[in-house]
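K.L.:
Following this line is my_file.txt, made up of compact mmCIF, C-alpha atoms and all ligand atoms:
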```txt
# COMPACT_ATOMS: atom_id res chain seq x y z
CA MET A 620 -8.35 -9.60 -16.81
CA THR A 621 -11.52 -7.56 -17.33
CA ARG A 622 -12.92 -5.91 -14.21
CA LYS A 623 -16.68 -5.50 -14.02
CA LEU A 624 -18.04 -2.55 -12.07
CA LEU A 625 -21.67 -1.66 -11.35
CA PHE A 626 -22.60 1.76 -9.93
CA VAL A 627 -25.91 1.84 -8.05
CA CYS A 628 -28.25 4.59 -6.80
CA LEU A 629 -32.01 4.83 -6.32
CA GLY A 630 -33.41 5.95 -9.67
CA ASN A 631 -30.43 5.33 -12.01
CA ILE A 632 -31.00 8.71 -13.64
CA CYS A 633 -28.72 11.03 -11.63
CA ARG A 634 -25.89 9.73 -9.42
CA SER A 635 -25.06 6.27 -10.76
CA PRO A 636 -25.19 7.21 -14.47
CA ALA A 637 -22.92 10.13 -13.54
CA ALA A 638 -20.52 7.75 -11.76
CA GLU A 639 -20.58 5.45 -14.79
CA GLY A 640 -19.88 8.37 -17.17
CA VAL A 641 -17.09 9.80 -15.00
CA PHE A 642 -15.45 6.38 -14.71
CA LEU A 643 -15.74 5.72 -18.47
CA HIS A 644 -14.23 9.15 -19.11
CA LEU A 645 -11.24 8.37 -16.86
CA LEU A 646 -10.77 4.99 -18.55
CA LYS A 647 -10.64 6.71 -21.94
CA GLN A 648 -8.18 9.34 -20.69
CA ARG A 649 -5.90 6.64 -19.24
CA GLY A 650 -6.22 4.23 -22.19
CA LEU A 651 -7.78 1.51 -20.02
CA SER A 652 -11.21 1.13 -21.66
CA ASP A 653 -10.59 -2.45 -22.80
CA GLN A 654 -9.81 -3.61 -19.26
CA PHE A 655 -13.18 -2.75 -17.71
CA VAL A 656 -16.90 -3.37 -18.14
CA VAL A 657 -18.85 -0.53 -16.52
CA ASP A 658 -22.60 -0.25 -15.96
CA SER A 659 -25.08 1.39 -13.60
CA ALA A 660 -28.47 0.47 -12.16
CA GLY A 661 -31.12 1.69 -9.73
CA THR A 662 -32.57 -0.07 -6.72
CA GLY A 663 -35.94 1.33 -7.92
CA GLY A 664 -37.55 0.79 -11.30
CA TRP A 665 -39.52 4.00 -11.89
CA HIS A 666 -37.26 5.36 -14.62
CA VAL A 667 -36.37 2.16 -16.49
CA GLY A 668 -35.44 2.91 -20.11
CA ASN A 669 -34.92 6.63 -19.54
CA PRO A 670 -31.72 8.53 -20.26
CA ALA A 671 -29.97 10.27 -17.37
CA ASP A 672 -31.72 13.37 -16.01
CA ARG A 673 -31.19 16.36 -18.34
CA ARG A 674 -29.70 18.50 -15.54
CA MET A 675 -27.20 15.74 -14.72
CA ARG A 676 -26.28 15.28 -18.39
CA GLU A 677 -25.79 19.04 -18.88
CA ALA A 678 -23.61 19.39 -15.78
CA ALA A 679 -21.48 16.46 -16.97
CA ARG A 680 -21.28 17.83 -20.52
CA ARG A 681 -19.90 21.11 -19.17
CA ARG A 682 -16.97 19.02 -17.87
CA GLY A 683 -16.61 17.20 -21.19
CA ILE A 684 -18.22 14.02 -19.84
CA ASP A 685 -20.86 12.04 -21.74
CA LEU A 686 -23.53 10.09 -19.83
CA PRO A 687 -24.63 7.35 -22.22
CA SER A 688 -26.68 5.17 -19.89
CA ARG A 689 -30.35 4.22 -19.98
CA ALA A 690 -31.92 3.43 -16.61
CA ARG A 691 -32.37 -0.14 -15.53
CA GLN A 692 -33.16 -1.81 -12.22
CA ILE A 693 -30.54 -3.93 -10.45
CA CYS A 694 -31.26 -7.68 -10.57
CA LEU A 695 -30.01 -10.70 -8.65
CA ASP A 696 -27.83 -11.89 -11.55
CA ASP A 697 -25.82 -8.67 -11.26
CA PHE A 698 -24.21 -10.05 -8.11
CA ALA A 699 -22.77 -12.92 -10.13
CA SER A 700 -21.85 -10.89 -13.25
CA PHE A 701 -20.08 -7.96 -11.58
CA ASP A 702 -16.92 -7.96 -9.43
CA LEU A 703 -17.62 -4.74 -7.59
CA VAL A 704 -20.88 -2.93 -6.79
CA LEU A 705 -20.50 0.71 -5.73
CA THR A 706 -23.39 2.34 -3.87
CA MET A 707 -24.07 6.07 -3.64
CA ASP A 708 -25.76 6.32 -0.22
CA ASN A 709 -26.60 4.28 2.87
CA ASP A 710 -30.09 3.39 1.63
CA ASN A 711 -28.65 1.98 -1.60
CA LEU A 712 -26.03 0.11 0.43
CA ALA A 713 -28.66 -1.53 2.65
CA ALA A 714 -30.89 -2.39 -0.34
CA VAL A 715 -27.98 -3.86 -2.29
CA LYS A 716 -26.77 -5.92 0.67
CA GLY A 717 -30.29 -7.32 1.06
CA LEU A 718 -30.44 -8.29 -2.60
CA ALA A 719 -27.00 -9.90 -2.43
CA GLN A 720 -28.28 -12.10 0.41
CA GLU A 721 -31.26 -13.05 -1.71
CA ALA A 722 -28.94 -13.90 -4.62
CA GLY A 723 -27.27 -16.54 -2.44
CA PRO A 724 -23.87 -18.18 -2.90
CA LYS A 725 -23.51 -17.16 -6.57
CA ALA A 726 -23.28 -13.52 -5.34
CA MET A 727 -19.53 -12.98 -5.58
CA ALA A 728 -19.51 -9.19 -6.06
CA LEU A 729 -17.86 -7.03 -3.44
CA ILE A 730 -20.12 -4.21 -2.27
CA ARG A 731 -18.53 -0.88 -1.36
CA PRO A 732 -19.80 2.66 -0.71
CA MET A 733 -18.63 4.88 -3.57
CA LEU A 734 -17.31 7.51 -1.18
CA SER A 735 -15.14 5.02 0.66
CA TYR A 736 -12.78 5.94 -2.22
CA SER A 737 -13.06 9.69 -1.58
CA ARG A 738 -9.96 11.59 -0.46
CA ARG A 739 -10.83 15.25 -0.94
CA PHE A 740 -14.18 15.11 0.84
CA GLN A 741 -15.33 14.02 4.30
CA GLU A 742 -18.84 13.04 3.16
CA THR A 743 -19.77 9.36 3.21
CA GLU A 744 -22.82 9.58 0.90
CA VAL A 745 -23.44 11.12 -2.53
CA PRO A 746 -26.53 13.29 -1.88
CA ASP A 747 -29.53 12.80 -4.15
CA PRO A 748 -29.64 15.95 -6.35
CA TYR A 749 -33.04 15.21 -7.92
CA TYR A 750 -35.18 17.68 -5.97
CA GLY A 751 -32.54 20.38 -5.57
CA GLY A 752 -30.88 23.07 -7.69
CA GLU A 753 -27.99 23.12 -10.12
CA ALA A 754 -25.33 23.27 -7.40
CA GLY A 755 -26.39 19.81 -6.24
CA PHE A 756 -25.52 18.30 -9.62
CA GLU A 757 -22.13 20.03 -9.64
CA HIS A 758 -21.41 18.72 -6.16
CA VAL A 759 -22.32 15.17 -7.21
CA LEU A 760 -19.75 15.45 -10.01
CA ASP A 761 -17.10 16.89 -7.67
CA LEU A 762 -17.57 13.93 -5.32
CA LEU A 763 -17.62 11.38 -8.14
CA GLU A 764 -14.57 12.73 -9.99
CA ASP A 765 -12.54 12.41 -6.79
CA ALA A 766 -13.84 8.96 -5.79
CA CYS A 767 -13.70 7.47 -9.32
CA SER A 768 -10.14 8.65 -9.82
CA ASN A 769 -9.00 7.05 -6.54
CA LEU A 770 -10.96 3.87 -7.29
CA LEU A 771 -9.27 3.57 -10.67
CA ASP A 772 -5.84 4.24 -9.12
CA GLU A 773 -6.52 1.36 -6.74
CA LEU A 774 -7.72 -1.07 -9.43
CA SER A 775 -5.12 -0.07 -12.01
CA PRO A 776 -2.22 1.68 -10.24
CA PRO A 777 -0.48 4.35 -12.34
CA GLU A 778 3.04 3.30 -13.39
P1 LIG A 801 -30.79 9.03 -8.44
O1 LIG A 801 -31.83 10.20 -8.15
O2 LIG A 801 -31.05 7.94 -7.40
O3 LIG A 801 -29.47 9.69 -8.21
O4 LIG A 801 -31.02 8.58 -9.85
C1 LIG A 801 -33.21 9.99 -8.11
C2 LIG A 801 -33.95 10.22 -9.24
C3 LIG A 801 -35.32 10.06 -9.22
C4 LIG A 801 -35.95 9.65 -8.06
C5 LIG A 801 -35.20 9.40 -6.93
C6 LIG A 801 -33.82 9.56 -6.96
N1 LIG A 801 -37.34 9.49 -8.03
O5 LIG A 801 -37.88 9.20 -6.96
O6 LIG A 801 -38.01 9.66 -9.06
```
With the file now loaded, output its structure as structure tokens.
P.N.:
Amino acid sequence: MTRKLLFVCLGNICRSPAAEGVFLHLLKQRGLSDQFVVDSAGTGGWHVGNPADRRMREAARRRGIDLPSRARQICLDDFASFDLVLTMDNDNLAAVKGLAQEAGPKAMALIRPMLSYSRRFQETEVPDPYYGGEAGFEHVLDLLEDACSNLLDELSPPE
């Protein structure tokens, strides 16, 4: 069975493309790439078509992680196509829940905060690094590596 995961933030150029890239990287490491479809999207549409923010891509690259995504805006069909929608902060969570209501009964996707899968950190939101310095991008990756690893353990328990 293929699991379909959608990571969501505001602009789809920092946090959710990083989550997508970290998750894809873990899938490759664990030999599970063929069991998942992974994508990311933004609740906003300002950056549609753009690659991930250069600072985010460089921070990920330093950890050996590629961020291949191009920004797109979440749409109502996503709630029927994906099994699980993972939001980065409380604003994204509220926006996504509103859209799921709009999508109606075909919206089967579960919606979960990304950091509900965190173990090493107490934070409940992935902070937006866009207007901050380099440390913010590193912290986003620290949070996402922890949460993505636990999420994958839950979806595909190690033998
Ligand atoms: P993201 O960060 O939601 O993690 O992609 C942002 C990037 C750009 C903007 C906001 C958030 N923006 O307003 O342009």
K.L.:
If you count all atoms listed in the file, which residues end up within 9 Å of ligand LIG 801 (chain A), as a PDB file with C-alpha atoms, in the frame of the given file?
P.N.:
```pdb
ATOM      1  CA  VAL A 627     -25.910   1.840  -8.050  1.00  0.00           C
ATOM      2  CA  CYS A 628     -28.250   4.590  -6.800  1.00  0.00           C
ATOM      3  CA  LEU A 629     -32.010   4.830  -6.320  1.00  0.00           C
ATOM      4  CA  GLY A 630     -33.410   5.950  -9.670  1.00  0.00           C
ATOM      5  CA  ASN A 631     -30.430   5.330 -12.010  1.00  0.00           C
ATOM      6  CA  ILE A 632     -31.000   8.710 -13.640  1.00  0.00           C
ATOM      7  CA  CYS A 633     -28.720  11.030 -11.630  1.00  0.00           C
ATOM      8  CA  ARG A 634     -25.890   9.730  -9.420  1.00  0.00           C
ATOM      9  CA  SER A 635     -25.060   6.270 -10.760  1.00  0.00           C
ATOM     10  CA  PRO A 636     -25.190   7.210 -14.470  1.00  0.00           C
ATOM     11  CA  ALA A 637     -22.920  10.130 -13.540  1.00  0.00           C
ATOM     12  CA  ALA A 660     -28.470   0.470 -12.160  1.00  0.00           C
ATOM     13  CA  GLY A 661     -31.120   1.690  -9.730  1.00  0.00           C
ATOM     14  CA  THR A 662     -32.570  -0.070  -6.720  1.00  0.00           C
ATOM     15  CA  GLY A 663     -35.940   1.330  -7.920  1.00  0.00           C
ATOM     16  CA  TRP A 665     -39.520   4.000 -11.890  1.00  0.00           C
ATOM     17  CA  HIS A 666     -37.260   5.360 -14.620  1.00  0.00           C
ATOM     18  CA  ALA A 671     -29.970  10.270 -17.370  1.00  0.00           C
ATOM     19  CA  ASP A 672     -31.720  13.370 -16.010  1.00  0.00           C
ATOM     20  CA  ALA A 690     -31.920   3.430 -16.610  1.00  0.00           C
ATOM     21  CA  MET A 707     -24.070   6.070  -3.640  1.00  0.00           C
ATOM     22  CA  ASN A 711     -28.650   1.980  -1.600  1.00  0.00           C
ATOM     23  CA  VAL A 745     -23.440  11.120  -2.530  1.00  0.00           C
ATOM     24  CA  PRO A 746     -26.530  13.290  -1.880  1.00  0.00           C
ATOM     25  CA  ASP A 747     -29.530  12.800  -4.150  1.00  0.00           C
ATOM     26  CA  PRO A 748     -29.640  15.950  -6.350  1.00  0.00           C
ATOM     27  CA  TYR A 749     -33.040  15.210  -7.920  1.00  0.00           C
ATOM     28  CA  TYR A 750     -35.180  17.680  -5.970  1.00  0.00           C
TER      29      TYR A 750
END
```
K.L.:
Smallest atom-to-atom distance to Arg689 (chain A): which of A:Gly755, A:Pro777, A:Pro732, A:Gly640, using all atoms listed in the file?
P.N.:
A:Gly640
K.L.:
Taking all atoms listed in the file into account, which of A:Asp658, A:Glu778, A:Glu742, A:Asp708 comes nearest Ile693 (chain A)?
P.N.:
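Closest to Ile693 (chain A) of all the choices is A:Asp658.
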K.L.:
Could you tell me how far CA of Asn709 (chain A) sits from CA of Arg674 (chain A), in Å to one decimal place?
P.N.:
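Those two atoms sit 23.5 Å apart.
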K.L.:
With a distance cut-off of 10 Å and all atoms listed in the file, select the neighbouring residues of region 718-722 of chain A, excluding the residue or stretch itself and same-chain residues fewer than 5 positions from it, and output the selection as number ranges by chain.
P.N.:
A: 662, 693-699, 712-713, 727-730
K.L.:
When you count only C-alpha atoms, which of these residues is closest to Ser700 (chain A): A:Arg680, A:Lys647, A:Lys623, A:Arg739?
P.N.:
A:Lys623
K.L.:
Find the distance between CA of Leu771 (chain A) and CA of Leu703 (chain A) and write it in Å to one decimal.
P.N.:
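Going from CA of Leu771 (chain A) over to CA of Leu703 (chain A), I get 12.2 Å.
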K.L.:
Select, from A:Pro670, A:Pro776, A:Pro724, A:Gly664, the residue with the minimum atom-to-atom distance to Gln692 (chain A), counting only C-alpha atoms.
P.N.:
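Nearest candidate to Gln692 (chain A) out of A:Pro670, A:Pro776, A:Pro724, A:Gly664: A:Gly664.
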K.L.:
Mind giving me the straight-line distance from CA of Lys716 (chain A) to CA of Glu757 (chain A) in Å, one decimal?
P.N.:
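Atom-to-atom, CA of Lys716 (chain A) to CA of Glu757 (chain A), that is 28.3 Å.
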K.L.:
Taking only C-alpha atoms into account, which of A:Asp702, A:Glu639, A:Leu760, A:Ala679 comes nearest Leu774 (chain A)?
P.N.:
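Nearest candidate to Leu774 (chain A) out of A:Asp702, A:Glu639, A:Leu760, A:Ala679: A:Asp702.
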K.L.:
Rebuild N, CA and C atoms on region 726-762 of chain A, as a PDB file, in the frame of the given file?
P.N.:
```pdb
ATOM      1  N   ALA A 726     -23.566 -14.965  -5.458  1.00  0.00           N
ATOM      2  CA  ALA A 726     -23.280 -13.520  -5.340  1.00  0.00           C
ATOM      3  C   ALA A 726     -21.843 -13.312  -4.901  1.00  0.00           C
ATOM      4  N   MET A 727     -20.962 -13.116  -5.871  1.00  0.00           N
ATOM      5  CA  MET A 727     -19.530 -12.980  -5.580  1.00  0.00           C
ATOM      6  C   MET A 727     -19.083 -11.523  -5.512  1.00  0.00           C
ATOM      7  N   ALA A 728     -19.929 -10.607  -5.954  1.00  0.00           N
ATOM      8  CA  ALA A 728     -19.510  -9.190  -6.060  1.00  0.00           C
ATOM      9  C   ALA A 728     -19.196  -8.607  -4.686  1.00  0.00           C
ATOM     10  N   LEU A 729     -18.126  -7.842  -4.631  1.00  0.00           N
ATOM     11  CA  LEU A 729     -17.860  -7.030  -3.440  1.00  0.00           C
ATOM     12  C   LEU A 729     -18.771  -5.820  -3.500  1.00  0.00           C
ATOM     13  N   ILE A 730     -19.234  -5.381  -2.341  1.00  0.00           N
ATOM     14  CA  ILE A 730     -20.120  -4.210  -2.270  1.00  0.00           C
ATOM     15  C   ILE A 730     -19.419  -3.149  -1.449  1.00  0.00           C
ATOM     16  N   ARG A 731     -19.270  -1.951  -2.040  1.00  0.00           N
ATOM     17  CA  ARG A 731     -18.530  -0.880  -1.360  1.00  0.00           C
ATOM     18  C   ARG A 731     -19.251   0.453  -1.547  1.00  0.00           C
ATOM     19  N   PRO A 732     -19.294   1.298  -0.504  1.00  0.00           N
ATOM     20  CA  PRO A 732     -19.800   2.660  -0.710  1.00  0.00           C
ATOM     21  C   PRO A 732     -18.859   3.432  -1.637  1.00  0.00           C
ATOM     22  N   MET A 733     -19.438   4.108  -2.614  1.00  0.00           N
ATOM     23  CA  MET A 733     -18.630   4.880  -3.570  1.00  0.00           C
ATOM     24  C   MET A 733     -17.659   5.816  -2.858  1.00  0.00           C
ATOM     25  N   LEU A 734     -18.156   6.491  -1.815  1.00  0.00           N
ATOM     26  CA  LEU A 734     -17.310   7.510  -1.180  1.00  0.00           C
ATOM     27  C   LEU A 734     -16.305   6.926  -0.197  1.00  0.00           C
ATOM     28  N   SER A 735     -16.253   5.602  -0.094  1.00  0.00           N
ATOM     29  CA  SER A 735     -15.140   5.020   0.660  1.00  0.00           C
ATOM     30  C   SER A 735     -13.839   5.245  -0.124  1.00  0.00           C
ATOM     31  N   TYR A 736     -13.956   5.638  -1.393  1.00  0.00           N
ATOM     32  CA  TYR A 736     -12.780   5.940  -2.220  1.00  0.00           C
ATOM     33  C   TYR A 736     -12.480   7.436  -2.284  1.00  0.00           C
ATOM     34  N   SER A 737     -13.264   8.233  -1.545  1.00  0.00           N
ATOM     35  CA  SER A 737     -13.060   9.690  -1.580  1.00  0.00           C
ATOM     36  C   SER A 737     -11.825  10.073  -0.771  1.00  0.00           C
ATOM     37  N   ARG A 738     -11.085  11.065  -1.234  1.00  0.00           N
ATOM     38  CA  ARG A 738      -9.960  11.590  -0.460  1.00  0.00           C
ATOM     39  C   ARG A 738     -10.152  13.061  -0.138  1.00  0.00           C
ATOM     40  N   ARG A 739     -10.721  13.786  -1.109  1.00  0.00           N
ATOM     41  CA  ARG A 739     -10.830  15.250  -0.940  1.00  0.00           C
ATOM     42  C   ARG A 739     -12.013  15.653  -0.083  1.00  0.00           C
ATOM     43  N   PHE A 740     -12.948  14.744   0.142  1.00  0.00           N
ATOM     44  CA  PHE A 740     -14.180  15.110   0.840  1.00  0.00           C
ATOM     45  C   PHE A 740     -14.386  14.220   2.068  1.00  0.00           C
ATOM     46  N   GLN A 741     -15.051  14.772   3.067  1.00  0.00           N
ATOM     47  CA  GLN A 741     -15.330  14.020   4.300  1.00  0.00           C
ATOM     48  C   GLN A 741     -16.644  13.254   4.205  1.00  0.00           C
ATOM     49  N   GLU A 742     -17.509  13.641   3.235  1.00  0.00           N
ATOM     50  CA  GLU A 742     -18.840  13.040   3.160  1.00  0.00           C
ATOM     51  C   GLU A 742     -18.748  11.534   2.911  1.00  0.00           C
ATOM     52  N   THR A 743     -19.743  10.811   3.416  1.00  0.00           N
ATOM     53  CA  THR A 743     -19.770   9.360   3.210  1.00  0.00           C
ATOM     54  C   THR A 743     -20.858   8.939   2.228  1.00  0.00           C
ATOM     55  N   GLU A 744     -21.744   9.897   1.842  1.00  0.00           N
ATOM     56  CA  GLU A 744     -22.820   9.580   0.900  1.00  0.00           C
ATOM     57  C   GLU A 744     -22.857  10.622  -0.220  1.00  0.00           C
ATOM     58  N   VAL A 745     -23.204  10.182  -1.425  1.00  0.00           N
ATOM     59  CA  VAL A 745     -23.440  11.120  -2.530  1.00  0.00           C
ATOM     60  C   VAL A 745     -24.900  11.565  -2.415  1.00  0.00           C
ATOM     61  N   PRO A 746     -25.144  12.861  -2.108  1.00  0.00           N
ATOM     62  CA  PRO A 746     -26.530  13.290  -1.880  1.00  0.00           C
ATOM     63  C   PRO A 746     -27.359  13.238  -3.165  1.00  0.00           C
ATOM     64  N   ASP A 747     -28.626  12.876  -3.007  1.00  0.00           N
ATOM     65  CA  ASP A 747     -29.530  12.800  -4.150  1.00  0.00           C
ATOM     66  C   ASP A 747     -29.828  14.230  -4.634  1.00  0.00           C
ATOM     67  N   PRO A 748     -29.472  14.571  -5.879  1.00  0.00           N
ATOM     68  CA  PRO A 748     -29.640  15.950  -6.350  1.00  0.00           C
ATOM     69  C   PRO A 748     -31.005  16.211  -6.986  1.00  0.00           C
ATOM     70  N   TYR A 749     -31.858  15.180  -7.061  1.00  0.00           N
ATOM     71  CA  TYR A 749     -33.040  15.210  -7.920  1.00  0.00           C
ATOM     72  C   TYR A 749     -33.976  16.372  -7.621  1.00  0.00           C
ATOM     73  N   TYR A 750     -34.200  16.650  -6.323  1.00  0.00           N
ATOM     74  CA  TYR A 750     -35.180  17.680  -5.970  1.00  0.00           C
ATOM     75  C   TYR A 750     -34.535  19.021  -5.656  1.00  0.00           C
ATOM     76  N   GLY A 751     -33.232  19.142  -5.900  1.00  0.00           N
ATOM     77  CA  GLY A 751     -32.540  20.380  -5.570  1.00  0.00           C
ATOM     78  C   GLY A 751     -32.165  21.189  -6.803  1.00  0.00           C
ATOM     79  N   GLY A 752     -31.294  22.186  -6.600  1.00  0.00           N
ATOM     80  CA  GLY A 752     -30.880  23.070  -7.690  1.00  0.00           C
ATOM     81  C   GLY A 752     -29.612  22.594  -8.375  1.00  0.00           C
ATOM     82  N   GLU A 753     -29.125  23.476  -9.267  1.00  0.00           N
ATOM     83  CA  GLU A 753     -27.990  23.120 -10.120  1.00  0.00           C
ATOM     84  C   GLU A 753     -26.731  22.781  -9.328  1.00  0.00           C
ATOM     85  N   ALA A 754     -26.545  23.490  -8.192  1.00  0.00           N
ATOM     86  CA  ALA A 754     -25.330  23.270  -7.400  1.00  0.00           C
ATOM     87  C   ALA A 754     -25.236  21.827  -6.925  1.00  0.00           C
ATOM     88  N   GLY A 755     -26.381  21.204  -6.695  1.00  0.00           N
ATOM     89  CA  GLY A 755     -26.390  19.810  -6.240  1.00  0.00           C
ATOM     90  C   GLY A 755     -25.784  18.878  -7.283  1.00  0.00           C
ATOM     91  N   PHE A 756     -26.051  19.144  -8.544  1.00  0.00           N
ATOM     92  CA  PHE A 756     -25.520  18.300  -9.620  1.00  0.00           C
ATOM     93  C   PHE A 756     -24.004  18.496  -9.761  1.00  0.00           C
ATOM     94  N   GLU A 757     -23.570  19.745  -9.583  1.00  0.00           N
ATOM     95  CA  GLU A 757     -22.130  20.030  -9.640  1.00  0.00           C
ATOM     96  C   GLU A 757     -21.411  19.317  -8.485  1.00  0.00           C
ATOM     97  N   HIS A 758     -22.042  19.362  -7.316  1.00  0.00           N
ATOM     98  CA  HIS A 758     -21.410  18.720  -6.160  1.00  0.00           C
ATOM     99  C   HIS A 758     -21.321  17.207  -6.348  1.00  0.00           C
ATOM    100  N   VAL A 759     -22.365  16.607  -6.912  1.00  0.00           N
ATOM    101  CA  VAL A 759     -22.320  15.170  -7.210  1.00  0.00           C
ATOM    102  C   VAL A 759     -21.107  14.866  -8.096  1.00  0.00           C
ATOM    103  N   LEU A 760     -20.887  15.694  -9.103  1.00  0.00           N
ATOM    104  CA  LEU A 760     -19.750  15.450 -10.010  1.00  0.00           C
ATOM    105  C   LEU A 760     -18.411  15.667  -9.307  1.00  0.00           C
ATOM    106  N   ASP A 761     -18.340  16.680  -8.436  1.00  0.00           N
ATOM    107  CA  ASP A 761     -17.100  16.890  -7.670  1.00  0.00           C
ATOM    108  C   ASP A 761     -16.767  15.640  -6.853  1.00  0.00           C
ATOM    109  N   LEU A 762     -17.775  15.129  -6.156  1.00  0.00           N
ATOM    110  CA  LEU A 762     -17.570  13.930  -5.320  1.00  0.00           C
ATOM    111  C   LEU A 762     -17.162  12.736  -6.179  1.00  0.00           C
TER     112      LEU A 762
END
```
